[in-house]
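Written below as C-alpha cells is the structure these notes are about.
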Amino acid sequence: MKNYILIMGCLFITCCGMQNRGINLKYNTNMKEDGYQPLSDFKNDTISYIKDNFIKHKSNYIGKEIKNLLNDLELPIKIYYLGIDPNVEQYYYITFQFYNDSEVDDKVRNKVDPLILNIFLENPVKTTIPLSIYKKANKNWTKDASEFWETQKIKDIEMVNHKF
C-alpha cells in the first residue's frame, strides 16, 4: 500500500511539473524528441498546431533551410507573398497563407485568425528570380517556388497577430 501511495504521489508531482513547464498534456500523444506533434494530435486545430510546432519550437528551424519546415508542415500552402524592400530589391521574408485570399478576408471580417506565417530569411535574397516565379504562379505555392525557397535559411518565424 505504501508503494502504491508513493507511486501515485510521484505521478501527481510529475504531471503538475509538466503543466508548470508549459508542456501540453492534451496533445502530446505522438510528440517527437524535438517537440513536433502531428496535426492529427491537435484534432485539426490548425492554429494550435502552428503555434505549438512552428512558433513555440521555432528553434528547431532557425538557422536551418526552409525545406526542414516544409518537410514537417502538414498543411498545404495555398498562397505566398514576398516580403521585399523596394528600395534595394531584396527579399527579407516570405509569407505563407493556408487559405486563399477570399477565405482570409472572410476570417478577418468574422474575427477568426486566418493563420498567416512569416518566414524571415537569414540572408536577404537579391535576385529577380523569386518575382518571376511568383508572377508565373499567380501567388500560388508551386513546385518551382518550393524548389527556389527551400535552400534559404530561416532567421525567424512569426505568426501574424490580428489582435482580435
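Following the order of the C-alpha cells, first chain is A, next is B, and so on, with residues numbered from 1 inside each chain and ligands from 1 in the order they appear.
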>> Show me, as number ranges by chain, the residues that have an atom within 6 Å of segment 61-77 of chain A when counting only C-alpha atoms, minus same-chain residues fewer than 2 positions from it.
In response: A: 58-59, 79, 97-98, 150-156
>> Among segment 38-114 of chain A, which ones does DSSP assign to alpha helix (DSSP H) (computed from the backbone)? Answer as JSON, numbers by chain.
In response: {"A": [46, 47, 48, 49, 50, 66, 67, 68, 69, 70, 71, 72, 101, 102, 103, 104, 105, 106, 107, 108, 109]}
Could you dump the residues just selected with N, CA, C and O atoms as an mmCIF file, in the first residue's frame?
data_model
loop_
_atom_site.group_PDB
_atom_site.id
_atom_site.type_symbol
_atom_site.label_atom_id
_atom_site.label_comp_id
_atom_site.auth_asym_id
_atom_site.auth_seq_id
_atom_site.Cartn_x
_atom_site.Cartn_y
_atom_site.Cartn_z
ATOM 1 N N THR A 46 -5.811 23.848 -36.406
ATOM 2 C CA THR A 46 -4.633 24.295 -37.155
ATOM 3 C C THR A 46 -3.881 25.427 -36.449
ATOM 4 O O THR A 46 -2.653 25.501 -36.548
ATOM 5 N N ILE A 47 -4.594 26.277 -35.744
ATOM 6 C CA ILE A 47 -3.942 27.381 -35.025
ATOM 7 C C ILE A 47 -3.001 26.813 -33.953
ATOM 8 O O ILE A 47 -1.836 27.194 -33.876
ATOM 9 N N SER A 48 -3.513 25.892 -33.138
ATOM 10 C CA SER A 48 -2.675 25.287 -32.092
ATOM 11 C C SER A 48 -1.527 24.492 -32.703
ATOM 12 O O SER A 48 -0.408 24.501 -32.180
ATOM 13 N N TYR A 49 -1.797 23.812 -33.808
ATOM 14 C CA TYR A 49 -0.761 23.038 -34.499
ATOM 15 C C TYR A 49 0.399 23.949 -34.923
ATOM 16 O O TYR A 49 1.569 23.643 -34.669
ATOM 17 N N ILE A 50 0.089 25.084 -35.549
ATOM 18 C CA ILE A 50 1.132 26.014 -35.999
ATOM 19 C C ILE A 50 1.839 26.653 -34.798
ATOM 20 O O ILE A 50 3.072 26.706 -34.749
ATOM 21 N N ILE A 66 14.697 26.197 -45.217
ATOM 22 C CA ILE A 66 13.232 26.197 -45.206
ATOM 23 C C ILE A 66 12.674 24.805 -45.493
ATOM 24 O O ILE A 66 11.614 24.445 -44.992
ATOM 25 N N LYS A 67 13.415 23.986 -46.244
ATOM 26 C CA LYS A 67 12.905 22.655 -46.564
ATOM 27 C C LYS A 67 12.643 21.824 -45.303
ATOM 28 O O LYS A 67 11.763 20.969 -45.304
ATOM 29 N N ASN A 68 13.360 22.086 -44.208
ATOM 30 C CA ASN A 68 13.094 21.370 -42.956
ATOM 31 C C ASN A 68 11.696 21.689 -42.435
ATOM 32 O O ASN A 68 10.968 20.796 -41.997
ATOM 33 N N LEU A 69 11.336 22.955 -42.493
ATOM 34 C CA LEU A 69 9.994 23.370 -42.087
ATOM 35 C C LEU A 69 8.956 22.779 -43.045
ATOM 36 O O LEU A 69 7.938 22.243 -42.616
ATOM 37 N N LEU A 70 9.232 22.866 -44.344
ATOM 38 C CA LEU A 70 8.284 22.348 -45.342
ATOM 39 C C LEU A 70 8.076 20.839 -45.191
ATOM 40 O O LEU A 70 6.967 20.350 -45.398
ATOM 41 N N ASN A 71 9.125 20.122 -44.833
ATOM 42 C CA ASN A 71 9.011 18.673 -44.641
ATOM 43 C C ASN A 71 8.102 18.331 -43.464
ATOM 44 O O ASN A 71 7.408 17.318 -43.490
ATOM 45 N N ASP A 72 8.113 19.155 -42.425
ATOM 46 C CA ASP A 72 7.269 18.905 -41.254
ATOM 47 C C ASP A 72 5.852 19.444 -41.424
ATOM 48 O O ASP A 72 4.916 18.912 -40.829
ATOM 49 N N ASP A 101 -7.151 34.104 -50.625
ATOM 50 C CA ASP A 101 -7.386 35.486 -50.189
ATOM 51 C C ASP A 101 -8.823 35.748 -49.746
ATOM 52 O O ASP A 101 -9.054 36.432 -48.748
ATOM 53 N N SER A 102 -9.795 35.209 -50.460
ATOM 54 C CA SER A 102 -11.193 35.460 -50.069
ATOM 55 C C SER A 102 -11.523 34.777 -48.740
ATOM 56 O O SER A 102 -12.253 35.338 -47.919
ATOM 57 N N GLU A 103 -10.949 33.596 -48.493
ATOM 58 C CA GLU A 103 -11.157 32.929 -47.200
ATOM 59 C C GLU A 103 -10.501 33.716 -46.071
ATOM 60 O O GLU A 103 -11.071 33.846 -44.982
ATOM 61 N N VAL A 104 -9.321 34.255 -46.332
ATOM 62 C CA VAL A 104 -8.636 35.081 -45.331
ATOM 63 C C VAL A 104 -9.473 36.320 -45.028
ATOM 64 O O VAL A 104 -9.685 36.667 -43.863
ATOM 65 N N ASP A 105 -9.988 36.977 -46.065
ATOM 66 C CA ASP A 105 -10.835 38.157 -45.863
ATOM 67 C C ASP A 105 -12.064 37.825 -45.026
ATOM 68 O O ASP A 105 -12.431 38.582 -44.119
ATOM 69 N N ASP A 106 -12.710 36.696 -45.311
ATOM 70 C CA ASP A 106 -13.880 36.269 -44.538
ATOM 71 C C ASP A 106 -13.511 36.025 -43.078
ATOM 72 O O ASP A 106 -14.243 36.419 -42.171
ATOM 73 N N LYS A 107 -12.387 35.356 -42.853
ATOM 74 C CA LYS A 107 -11.962 35.071 -41.480
ATOM 75 C C LYS A 107 -11.681 36.362 -40.716
ATOM 76 O O LYS A 107 -12.120 36.515 -39.581
ATOM 77 N N VAL A 108 -10.983 37.285 -41.338
ATOM 78 C CA VAL A 108 -10.675 38.559 -40.680
ATOM 79 C C VAL A 108 -11.964 39.319 -40.376
ATOM 80 O O VAL A 108 -12.135 39.847 -39.278
ATOM 81 N N ARG A 109 -12.871 39.353 -41.339
ATOM 82 C CA ARG A 109 -14.151 40.036 -41.137
ATOM 83 C C ARG A 109 -14.930 39.423 -39.962
ATOM 84 O O ARG A 109 -15.586 40.122 -39.204
#
Could you go through chain A and tell me which residues DSSP, when run on the backbone, assigns to strand (DSSP E), listing them as a compact mmCIF listing (two decimals) with C-alpha atoms, in the first residue's frame?
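Resulting contents of result-v4.txt:
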# COMPACT_ATOMS: atom_id res chain seq x y z
CA ILE A 79 -0.74 31.37 -51.34
CA TYR A 80 2.55 33.03 -50.53
CA TYR A 81 3.73 36.60 -50.58
CA LEU A 82 7.20 38.08 -50.93
CA GLY A 83 8.49 40.47 -48.29
CA ILE A 84 10.59 42.93 -50.24
CA ASP A 85 12.40 46.13 -49.51
CA GLN A 90 15.90 42.36 -51.61
CA TYR A 91 13.51 39.76 -50.25
CA TYR A 92 13.66 39.58 -46.46
CA TYR A 93 10.82 37.17 -45.77
CA ILE A 94 8.09 35.11 -47.33
CA THR A 95 4.56 34.81 -46.02
CA PHE A 96 2.64 31.54 -46.10
CA GLN A 97 -1.17 31.59 -46.22
CA ILE A 116 -0.63 33.51 -41.70
CA LEU A 117 3.01 32.63 -41.11
CA ASN A 118 6.01 34.87 -41.85
CA ILE A 119 9.34 33.16 -42.51
CA PHE A 120 12.21 35.65 -42.14
CA LEU A 121 15.37 34.86 -44.08
CA GLU A 122 18.85 34.71 -42.61
CA ASN A 123 20.25 36.30 -45.76
CA PRO A 124 18.07 38.54 -47.93
CA VAL A 125 17.66 37.28 -51.49
CA ILE A 154 15.44 30.73 -41.60
CA LYS A 155 16.23 33.68 -39.35
CA ASP A 156 12.89 33.77 -37.53
CA ILE A 157 9.31 32.55 -37.73
CA GLU A 158 6.31 34.62 -36.67
CA MET A 159 2.59 34.18 -36.88
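Distances from A:Ser146, A:Ser132, A:Asn100, A:Asn161 to Asp113 of chain A were compared using only C-alpha atoms, and the smallest one belongs to A:Asn161.
Across the model, the gap from atom CA of Trp141 of chain A to atom CA of Phe42 of chain A is 24.4 Å.
Considering only C-alpha atoms, the residue among A:Asn44, A:Lys143, A:Phe148, A:Lys111 positioned nearest to Ile129 of chain A is A:Phe148.
For the pair atom CA of Lys126 of chain A and atom CA of Tyr99 of chain A, the separation is 28.0 Å.
Atom to atom, atom CA of Thr142 of chain A and atom CA of Pro130 of chain A stand 11.9 Å apart.
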